[in-house]
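Undergrad: Following this line is coords_11.cif, made up of mmCIF, C-alpha atoms:
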data_my_file
loop_
_atom_site.group_PDB
_atom_site.id
_atom_site.type_symbol
_atom_site.label_atom_id
_atom_site.label_comp_id
_atom_site.auth_asym_id
_atom_site.auth_seq_id
_atom_site.Cartn_x
_atom_site.Cartn_y
_atom_site.Cartn_z
ATOM 1 C CA MET A 1 28.518 27.933 114.444
ATOM 2 C CA LYS A 2 29.437 26.960 117.979
ATOM 3 C CA PRO A 3 26.403 26.871 120.319
ATOM 4 C CA SER A 4 26.310 29.513 123.032
ATOM 5 C CA THR A 5 26.398 28.734 126.742
ATOM 6 C CA SER A 6 22.694 29.544 127.013
ATOM 7 C CA ASP A 7 21.895 27.186 124.106
ATOM 8 C CA ILE A 8 23.836 24.394 125.784
ATOM 9 C CA LEU A 9 22.087 25.065 129.104
ATOM 10 C CA ILE A 10 18.629 25.028 127.513
ATOM 11 C CA SER A 11 19.418 21.857 125.576
ATOM 12 C CA THR A 12 20.746 20.147 128.714
ATOM 13 C CA ILE A 13 17.657 21.048 130.748
ATOM 14 C CA ASP A 14 15.405 19.910 127.908
ATOM 15 C CA SER A 15 17.202 16.558 127.710
ATOM 16 C CA ALA A 16 16.853 16.081 131.465
ATOM 17 C CA LEU A 17 13.122 16.841 131.425
ATOM 18 C CA ARG A 18 12.510 14.542 128.460
ATOM 19 C CA THR A 19 14.472 11.724 130.104
ATOM 20 C CA LEU A 20 12.769 12.066 133.476
ATOM 21 C CA HIS A 21 9.218 12.869 132.385
ATOM 22 C CA GLY A 22 8.896 12.056 128.690
ATOM 23 C CA ILE A 23 7.445 9.029 126.941
ATOM 24 C CA HIS A 24 10.226 6.981 125.404
ATOM 25 C CA HIS A 25 10.083 4.986 122.196
ATOM 26 C CA SER A 26 12.544 2.291 121.175
ATOM 27 C CA THR A 27 14.003 1.949 117.689
ATOM 28 C CA ARG A 28 14.291 -1.816 118.182
ATOM 29 C CA GLU A 29 11.549 -4.260 118.950
ATOM 30 C CA SER A 30 11.386 -5.197 122.600
ATOM 31 C CA PRO A 31 12.959 -8.576 123.404
ATOM 32 C CA ALA A 32 9.729 -9.302 125.277
ATOM 33 C CA ALA A 33 7.563 -8.780 122.175
ATOM 34 C CA GLY A 34 5.480 -11.839 121.403
ATOM 35 C CA VAL A 35 6.239 -13.440 124.761
ATOM 36 C CA SER A 36 3.076 -14.436 126.600
ATOM 37 C CA LYS A 37 2.622 -12.611 129.888
ATOM 38 C CA PRO A 38 3.085 -15.041 132.793
ATOM 39 C CA GLU A 39 0.664 -15.502 135.639
ATOM 40 C CA LEU A 40 2.623 -14.136 138.581
ATOM 41 C CA THR A 41 1.609 -14.290 142.217
ATOM 42 C CA GLU A 42 1.369 -10.955 144.021
ATOM 43 C CA SER A 43 4.738 -11.526 145.713
ATOM 44 C CA GLU A 44 6.383 -12.476 142.386
ATOM 45 C CA LYS A 45 4.866 -9.454 140.672
ATOM 46 C CA GLN A 46 6.124 -7.212 143.459
ATOM 47 C CA LEU A 47 9.633 -8.663 143.217
ATOM 48 C CA SER A 48 9.773 -8.284 139.439
ATOM 49 C CA GLY A 49 8.449 -4.732 139.686
ATOM 50 C CA ARG A 50 11.074 -3.717 142.207
ATOM 51 C CA LEU A 51 13.913 -5.242 140.196
ATOM 52 C CA MET A 52 12.737 -3.632 136.972
ATOM 53 C CA ARG A 53 12.394 -0.296 138.794
ATOM 54 C CA VAL A 54 16.073 -0.518 139.708
ATOM 55 C CA ASN A 55 16.982 -1.252 136.090
ATOM 56 C CA HIS A 56 14.815 1.604 134.866
ATOM 57 C CA CYS A 57 16.669 3.986 137.188
ATOM 58 C CA GLY A 58 19.938 2.586 135.852
ATOM 59 C CA GLU A 59 18.873 3.565 132.348
ATOM 60 C CA ILE A 60 17.934 7.050 133.571
ATOM 61 C CA CYS A 61 21.459 7.291 134.990
ATOM 62 C CA ALA A 62 22.947 6.079 131.700
ATOM 63 C CA GLN A 63 21.228 8.875 129.772
ATOM 64 C CA ALA A 64 22.576 11.445 132.217
ATOM 65 C CA LEU A 65 26.044 9.938 132.216
ATOM 66 C CA TYR A 66 26.411 9.900 128.438
ATOM 67 C CA LEU A 67 24.984 13.413 128.142
ATOM 68 C CA GLY A 68 27.483 14.750 130.660
ATOM 69 C CA GLN A 69 30.404 12.905 129.089
ATOM 70 C CA GLY A 70 29.543 14.010 125.576
ATOM 71 C CA LEU A 71 29.033 17.597 126.688
ATOM 72 C CA THR A 72 32.528 18.045 128.137
ATOM 73 C CA SER A 73 34.515 15.661 125.937
ATOM 74 C CA SER A 74 36.894 17.342 123.503
ATOM 75 C CA ASN A 75 37.117 14.273 121.254
ATOM 76 C CA HIS A 76 34.639 14.290 118.346
ATOM 77 C CA GLU A 77 34.693 10.509 117.835
ATOM 78 C CA THR A 78 34.026 9.953 121.524
ATOM 79 C CA LYS A 79 31.095 12.367 121.390
ATOM 80 C CA LEU A 80 29.589 10.358 118.521
ATOM 81 C CA ALA A 81 30.203 7.075 120.345
ATOM 82 C CA MET A 82 28.474 8.464 123.440
ATOM 83 C CA GLN A 83 25.445 9.460 121.362
ATOM 84 C CA THR A 84 25.229 6.023 119.751
ATOM 85 C CA ALA A 85 25.380 4.343 123.157
ATOM 86 C CA ALA A 86 22.769 6.759 124.534
ATOM 87 C CA ASP A 87 20.419 5.831 121.680
ATOM 88 C CA GLU A 88 20.670 2.158 122.638
ATOM 89 C CA GLU A 89 20.103 3.069 126.275
ATOM 90 C CA THR A 90 16.905 4.836 125.187
ATOM 91 C CA ASP A 91 15.693 1.482 123.855
ATOM 92 C CA HIS A 92 16.425 -0.034 127.266
ATOM 93 C CA LEU A 93 14.583 2.821 128.959
ATOM 94 C CA ALA A 94 11.487 2.283 126.814
ATOM 95 C CA TRP A 95 11.527 -1.489 127.373
ATOM 96 C CA CYS A 96 11.823 -1.071 131.152
ATOM 97 C CA GLU A 97 9.033 1.513 131.236
ATOM 98 C CA THR A 98 6.699 -0.797 129.332
ATOM 99 C CA ARG A 99 7.469 -3.655 131.681
ATOM 100 C CA LEU A 100 6.903 -1.456 134.739
ATOM 101 C CA ASP A 101 3.475 -0.564 133.384
ATOM 102 C CA GLU A 102 2.695 -4.247 132.812
ATOM 103 C CA LEU A 103 3.735 -5.021 136.373
ATOM 104 C CA ASN A 104 1.612 -2.117 137.612
ATOM 105 C CA THR A 105 4.375 -0.475 139.606
ATOM 106 C CA HIS A 106 5.864 3.010 139.716
ATOM 107 C CA LYS A 107 9.181 4.450 138.596
ATOM 108 C CA SER A 108 11.609 5.360 141.347
ATOM 109 C CA TYR A 109 10.904 8.675 143.044
ATOM 110 C CA LEU A 110 14.672 9.075 143.340
ATOM 111 C CA ASN A 111 15.256 9.252 139.573
ATOM 112 C CA PRO A 112 15.902 13.041 139.548
ATOM 113 C CA LEU A 113 18.528 12.705 142.296
ATOM 114 C CA PHE A 114 20.423 9.931 140.559
ATOM 115 C CA TYR A 115 20.096 11.676 137.192
ATOM 116 C CA GLY A 116 21.815 14.733 138.636
ATOM 117 C CA LEU A 117 24.601 12.723 140.270
ATOM 118 C CA SER A 118 25.208 10.750 137.081
ATOM 119 C CA PHE A 119 25.263 13.871 134.909
ATOM 120 C CA ALA A 120 27.817 15.496 137.197
ATOM 121 C CA SER A 121 29.967 12.348 137.185
ATOM 122 C CA GLY A 122 29.830 12.172 133.400
ATOM 123 C CA ALA A 123 30.696 15.844 132.949
ATOM 124 C CA LEU A 124 33.688 15.511 135.285
ATOM 125 C CA SER A 125 34.797 12.370 133.471
ATOM 126 C CA GLY A 126 34.763 14.184 130.134
ATOM 127 C CA LEU A 127 36.946 16.949 131.541
ATOM 128 C CA LEU A 128 39.595 14.443 132.651
ATOM 129 C CA GLY A 129 40.536 13.438 129.124
ATOM 130 C CA ASN A 130 39.526 10.902 126.505
ATOM 131 C CA ARG A 131 41.299 7.894 128.022
ATOM 132 C CA PHE A 132 39.716 8.464 131.424
ATOM 133 C CA ASN A 133 36.327 9.243 129.872
ATOM 134 C CA LEU A 134 36.213 5.988 127.917
ATOM 135 C CA GLY A 135 37.559 4.099 130.907
ATOM 136 C CA PHE A 136 34.716 5.473 132.994
ATOM 137 C CA VAL A 137 32.238 4.074 130.456
ATOM 138 C CA ALA A 138 33.916 0.672 130.571
ATOM 139 C CA ALA A 139 33.976 0.553 134.370
ATOM 140 C CA THR A 140 30.355 1.707 134.616
ATOM 141 C CA GLU A 141 29.155 -0.893 132.135
ATOM 142 C CA GLU A 142 31.109 -3.550 134.031
ATOM 143 C CA GLN A 143 29.088 -2.659 137.133
ATOM 144 C CA VAL A 144 25.847 -2.766 135.154
ATOM 145 C CA VAL A 145 26.566 -6.220 133.733
ATOM 146 C CA LYS A 146 27.224 -7.543 137.240
ATOM 147 C CA HIS A 147 23.946 -6.292 138.635
ATOM 148 C CA LEU A 148 22.016 -7.492 135.565
ATOM 149 C CA ASN A 149 23.448 -10.961 136.180
ATOM 150 C CA ALA A 150 22.265 -10.774 139.780
ATOM 151 C CA HIS A 151 18.791 -9.630 138.755
ATOM 152 C CA LEU A 152 18.438 -12.399 136.202
ATOM 153 C CA GLU A 153 19.015 -14.865 139.024
ATOM 154 C CA LYS A 154 16.548 -13.128 141.359
ATOM 155 C CA LEU A 155 13.635 -12.730 138.935
ATOM 156 C CA PRO A 156 10.775 -15.212 139.298
ATOM 157 C CA GLU A 157 11.471 -18.270 137.193
ATOM 158 C CA ASN A 158 8.450 -17.776 134.943
ATOM 159 C CA ASP A 159 8.889 -14.015 134.367
ATOM 160 C CA LEU A 160 10.199 -14.552 130.850
ATOM 161 C CA PRO A 161 9.391 -11.028 129.548
ATOM 162 C CA SER A 162 11.591 -9.364 132.184
ATOM 163 C CA LYS A 163 14.346 -11.938 131.663
ATOM 164 C CA ARG A 164 14.329 -11.388 127.890
ATOM 165 C CA ILE A 165 14.667 -7.637 128.378
ATOM 166 C CA LEU A 166 17.522 -7.893 130.881
ATOM 167 C CA THR A 167 19.357 -10.458 128.761
ATOM 168 C CA GLN A 168 19.393 -8.120 125.747
ATOM 169 C CA MET A 169 20.369 -5.185 127.950
ATOM 170 C CA ARG A 170 23.281 -7.208 129.335
ATOM 171 C CA GLN A 171 24.479 -7.978 125.822
ATOM 172 C CA ASP A 172 24.335 -4.307 124.810
ATOM 173 C CA GLU A 173 26.046 -3.076 127.978
ATOM 174 C CA ASP A 174 28.871 -5.577 127.644
ATOM 175 C CA ARG A 175 29.391 -4.426 124.057
ATOM 176 C CA HIS A 176 29.573 -0.803 125.227
ATOM 177 C CA ARG A 177 32.226 -1.858 127.747
ATOM 178 C CA SER A 178 34.299 -3.674 125.122
ATOM 179 C CA LEU A 179 34.065 -0.807 122.619
ATOM 180 C CA ALA A 180 35.139 1.757 125.206
ATOM 181 C CA LEU A 181 38.241 -0.278 126.039
ATOM 182 C CA SER A 182 39.039 -0.913 122.366
ATOM 183 C CA ARG A 183 38.914 2.842 121.707
ATOM 184 C CA GLY A 184 41.633 3.411 124.292
ATOM 185 C CA GLY A 185 39.755 3.584 127.561
ATOM 186 C CA MET A 186 41.868 2.967 130.644
ATOM 187 C CA ASP A 187 41.248 -0.036 132.854
ATOM 188 C CA PHE A 188 40.452 1.593 136.179
ATOM 189 C CA PRO A 189 42.334 0.409 139.284
ATOM 190 C CA SER A 190 40.453 -1.539 141.928
ATOM 191 C CA PRO A 191 40.041 1.388 144.397
ATOM 192 C CA ILE A 192 38.154 3.478 141.812
ATOM 193 C CA LYS A 193 36.029 0.497 140.810
ATOM 194 C CA GLY A 194 35.307 -0.026 144.503
ATOM 195 C CA LEU A 195 33.960 3.525 144.813
ATOM 196 C CA MET A 196 31.801 2.973 141.751
ATOM 197 C CA THR A 197 30.495 -0.263 143.245
ATOM 198 C CA GLY A 198 29.516 1.661 146.363
ATOM 199 C CA PHE A 199 27.537 4.202 144.323
ATOM 200 C CA SER A 200 25.894 1.385 142.366
ATOM 201 C CA ARG A 201 24.817 -0.328 145.580
ATOM 202 C CA LEU A 202 23.384 2.917 146.925
ATOM 203 C CA MET A 203 21.306 3.337 143.786
ATOM 204 C CA THR A 204 20.094 -0.257 143.610
ATOM 205 C CA ARG A 205 19.236 -0.585 147.314
ATOM 206 C CA THR A 206 17.285 2.659 147.514
ATOM 207 C CA THR A 207 15.396 2.509 144.211
ATOM 208 C CA TYR A 208 14.376 -1.089 144.965
ATOM 209 C CA TRP A 209 12.126 0.313 147.704
ATOM 210 C CA VAL A 210 11.442 3.908 146.678
#
Show this structure as structure tokens.
TA:
Amino acid sequence: MKPSTSDILISTIDSALRTLHGIHHSTRESPAAGVSKPELTESEKQLSGRLMRVNHCGEICAQALYLGQGLTSSNHETKLAMQTAADEETDHLAWCETRLDELNTHKSYLNPLFYGLSFASGALSGLLGNRFNLGFVAATEEQVVKHLNAHLEKLPENDLPSKRILTQMRQDEDRHRSLALSRGGMDFPSPIKGLMTGFSRLMTRTTYWV
């Protein structure tokens, strides 16, 4: 039986509330498990906290993006692929939340705003066809890998827990990118990637501080 519009609306709102305000649990052990917590100076702790806050917001956006894409996609296999990727992103979300707690810093207050923008982008992407939808995943993950590389360079040298988490996230995101392209996703032209880079910079620069 096909779900009604009201069922879809309720489910979508529930997913948003759980993503933004719920407690997340990973299905995989954290890459930082068993790693001794480093002695960070206050400035190092602040830097790590801000960088991990950005990455946490990125995972909030990923949940919204995949939900929107899966909701409007007409391709069953793509819907399943989106759900699988979202499950892995939930692991990332849980790992980042744990690390934020350890660093004694807050989540971004802008998470609801970027969740909404990402959901809308994902829903529009799904309406534009399977090739575009998968291409949007690939281009998004390409942006994520770039900023994870930058964060790995910026983190304090001895913050091994954060580095372990971001390294595993980078591996997963790059795999999502490759799978999306292998399933027929289009390679977006430079102008579209440029717009996506602009949105990514807006998110990273604001959530770093707020």
Undergrad: So the first atom is CA of Asp187 (chain A) and the second is CA of Phe199 (chain A); what is the distance between them in Å, to one decimal place?
TA: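 Interatomic distance here is 18.4 Å.
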Undergrad: Could you give me the centre and size, in Å to one decimal, of an axis-aligned box around all listed atoms of region 192-208 of chain A with 3 Å added on every side, as AutoDock Vina command-line options?
TA:
--center_x 26.3 --center_y 1.6 --center_z 144.2 --size_x 29.8 --size_y 11.3 --size_z 12.7
Undergrad: For a quick check of understanding, using only C-alpha atoms, which of A:Met82, A:Leu128, A:Val137, A:Ile23 has the smallest distance to Trp95 (chain A)?
TA: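 For Trp95 (chain A), the nearest of the given residues is A:Ile23.
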Undergrad: Given the PyMOL selection byres ((chain A and resi 124) around 12) and the file above, list the residues it selects as number ranges by chain.
TA: A: 65-73, 117-123, 125-130, 132-133, 136
Undergrad: Expand the PyMOL selection byres ((chain A and resi 85) around 12) into the individual residues it matches in the shown file, reporting them as number ranges by chain.
TA: A: 59, 62-67, 69-70, 78-84, 86-92, 134, 137-138, 141, 169, 172-177, 179-180
Undergrad: Which neighbours of Asn111 (chain A) fall inside 8 Å, counting only C-alpha atoms, when residues of the same chain fewer than 3 positions from it are skipped, and could you give them as a PyMOL selection string?
TA: chain A and resi 20+57+60-61+107-108+114-115
Undergrad: Which of these residues is nearest to Gly58 (chain A), using all atoms listed in the file: A:Thr207, A:Asn104, A:Thr167, A:Ser43?
TA: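 Of all the options, A:Thr207 lies closest to Gly58 (chain A).
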Undergrad: Could you check which of A:Leu202, A:Ile13, A:Val144, A:Cys96 is closest to Leu51 (chain A), using all atoms listed in the file?
TA: A:Cys96
Undergrad: If I take CA of Pro38 (chain A) and CA of Leu100 (chain A), how far is one from the other in Å, to one decimal?
TA: 14.2 Å
Undergrad: Given the choices A:Thr98, A:Asn158, A:Ser74, A:Thr19, which gets closest to Met52 (chain A) if the distance is worked out from all atoms listed in the file?
TA: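 Closest to Met52 (chain A), using all atoms listed in the file: A:Thr98.
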